[in-house]
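In what follows, a structure is listed as structure tokens, so that the remarks can point back to it.
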Amino acid sequence: MVIFVGKELHGGFVREFLEKDSIGEKVEFIKPQGNIVNQTSEIIMVASKGCKAIIYDVDEYNDDAEILIAEILKVKKATSAEPILLTPTSNPNNVLMIAAWDNGIKRYIDASRDMTSLKEQLSLCISGYYEKEDHPGIVEVKKEQEKRKLLESKYRTIGVVGAIRRVGTTTQALQITKFLIAKGYKACYVEMNNTKYKNIIEKLGKGEKSYVEKTKLFYDPAAENEELGYILLDGIDMYYKPEKLASILEKEYDFYVYDYGTYTDLDFNKASYLKDNINIFVSGTGVTEMDYNIDVFGNTSYIKSKFIFSFIAENDIENFMESMANYNVSKRSYFAKFTPNPFILSDIELYENVLSEVLDDNKKIETPKDDLKPSRKKFSLFTRKKASKK
């Protein structure tokens with residue numbers, strides 16, 4: 001038996017080839033449910049009756065690539081049925097195909113091909129041919145993957161996310177970027193969230209804006225690139241269009257500091273955050289914040305995350321750490337000084353400790369701290385000069 005997880009209309013070629021073309025193999029269809037976790041048990045139950053392969057029409061799912069592949073592998077482990085992915089493989093940036101390849105899944109059917117080709121690909125998948133030879137559609141994907149890995153080896157990423165809103169997540173991300181630049185690294189800040197703020201001043205362009213967009217409109221950047229979503233302000237390269245990340249990564253920075261907003265946001269990219277070289281949560285210690293802290297502390301996904309706490313008096317730190325003794329976070333907790341201006345580096349020692357494992361011991365901050373203060377000028381609401389293009 002072969003299982004097709006998807007609409008029968010899309011899997012008609014499977015039935016025609018296996019049941020009607022003298023193969024004599026039964027095909028069982030399972031309707032997709034949008035999120036694979038909702039039907040993993042059903043797939044395993046049907047496959048346990050005896051199944052050679054399971055074909056997944058992956059375009060039917062809304063899951064992130066990592067979640068989808070993890071569930072498919074779970075089914076394979078439980079049933080020994082080989083997974084076959086029905087998906088267009090012609091796009092070399094296909095995130096799902098890269099994730100599948102990384103996890104040893106090599107059987108694909110290019111859904112964009114004609115009926116004859118679909119049947120030929122299915123035959124080769126069932127026979128195990130693609131375990132030995134690469135699918136033609138995966139060749140470009142592999143090239144892109146190798147290019148991506150080579151690029152990633154040249155830079156490091158730092159993910160900063162808030163446990164709750166309004167605790168200084170963006171401030172800490174900017175402080176980290178400022179610190180890295182002061183150490184002599186080429187670093188930039190990337191806005192990886194969709195948090196928007198009210199903007200009602202006509203001269204600044206009405207409509208909700210992100211933090212960097214508001215900053216761009218209110219101050220005078222030294223450089224600006226609207227297409228890329230870039231400004232240079234107080235020596236910090238700031239990007240506000242995360243959809244341009246592929247182009248940003250080609251800029252060859254030593255460090256990319258990602259501001260993910262809040263981890264409870266619907267658009268929080270958890271998979272991306274967990275892949276970063278350093279994971280940082282920003283939070284507070286107030287009565288409205290403690291429950292969020294405990295949620296994060298108890299989440300095994302964030303066992304390697306570090307914590308920077310804002311707005312805590314120095315004489316309260318000891319009591320706070322005692323109250324958190326059962327959560328094994330003492331060695332991962334750091335406390336930020338009062339930082340009213342994110343562009344003034346407030347605590348060099350703090351970031352030396354937080355980032356110690358990715359810093360070059362030979363790099364020292366020799367610039368006087370006063371020289372690290374911002375030099376920007378605020379825009380007049382009535383006269384605005386053009387910033388230069390980068």
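Just remember, in the structure tokens the first chain shown is A, the second B, etc., residues are 1-based per chain, and ligands are 1-based in the order shown.
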Give me the region 198-268 of chain A side of the contact with region 346-362 of chain A, cut-off 12 Å, one line per residue showing its nearest atom pair and distance in Å at one decimal, counting only C-alpha atoms, sorted by chain and residue number, as CSV.
residue,atom,partner,partner_atom,distance
A:Asp254,CA,A:Val358,CA,10.5
A:Phe255,CA,A:Val358,CA,9.7
A:Val257,CA,A:Leu355,CA,11.7
| said: Give me, as number ranges by chain, all polymer residues having an atom no more than 12 Å from Gln172 (chain A), counting only C-alpha atoms and skipping those fewer than 3 positions away in the same chain. | reply: A: 158-162, 166-169, 175-179, 189, 257-261, 280-283, 307-310, 334-347, 350-351, 354
| Excluding same-chain residues fewer than 2 positions from Val5 (chain A), what lies within 8 Å of it counting only C-alpha atoms, as a list in words? |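 The neighbour list is Ile3, Lys7, Phe29, Ile30, Lys31, Pro32, Ile54, Ile55, Tyr56 and Asp57 of chain A.
Interatomic distance, CA of Thr300 (chain A) to CA of Leu274 (chain A): 11.5 Å.
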Quick one: everything within 8 Å of Asn194 (chain A), counting only C-alpha atoms, minus sequence neighbours fewer than 2 positions away in the same chain. Send it as a compact mmCIF listing (two decimals) with N, CA, C and O atoms, in the first residue's frame.
# COMPACT_ATOMS: atom_id res chain seq x y z
N MET A 192 13.51 42.10 12.73
CA MET A 192 12.91 40.84 12.29
C MET A 192 11.54 40.64 12.93
O MET A 192 11.18 39.54 13.37
N LYS A 196 4.35 47.42 15.05
CA LYS A 196 4.10 48.73 14.47
C LYS A 196 3.68 49.71 15.56
O LYS A 196 3.09 49.33 16.57
N SER A 210 7.19 50.88 11.80
CA SER A 210 8.04 50.10 12.69
C SER A 210 8.97 51.04 13.43
O SER A 210 9.05 52.24 13.12
N GLY A 261 11.25 41.00 18.20
CA GLY A 261 10.03 41.49 18.84
C GLY A 261 9.75 40.71 20.11
O GLY A 261 10.61 40.58 20.98
N ASP A 267 3.88 36.19 14.56
CA ASP A 267 4.87 36.10 13.49
C ASP A 267 6.29 35.83 14.01
O ASP A 267 7.25 35.88 13.24
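CA of Thr264 (chain A) is found 28.3 Å from CA of Glu314 (chain A).
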| said: Can you tell me which residues surround Lys26 (chain A) at a distance of at most 8 Å, considering only C-alpha atoms, apart from same-chain residues fewer than 2 positions away, and format the answer as a list in words? | reply: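 Once the nearby chain positions are removed, what remains is Met1, Val2, Arg15, Leu18, Glu19, Gly24 and Glu28 of chain A.
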| request: Go through region 123-336 of chain A and collect every residue that DSSP, computed from the backbone, puts in alpha helix (DSSP H); the answer should be as a ChimeraX atom specification. | output: /A:123-127,136-152,169-182,211-218,245-249,270-275,290-297,317-323
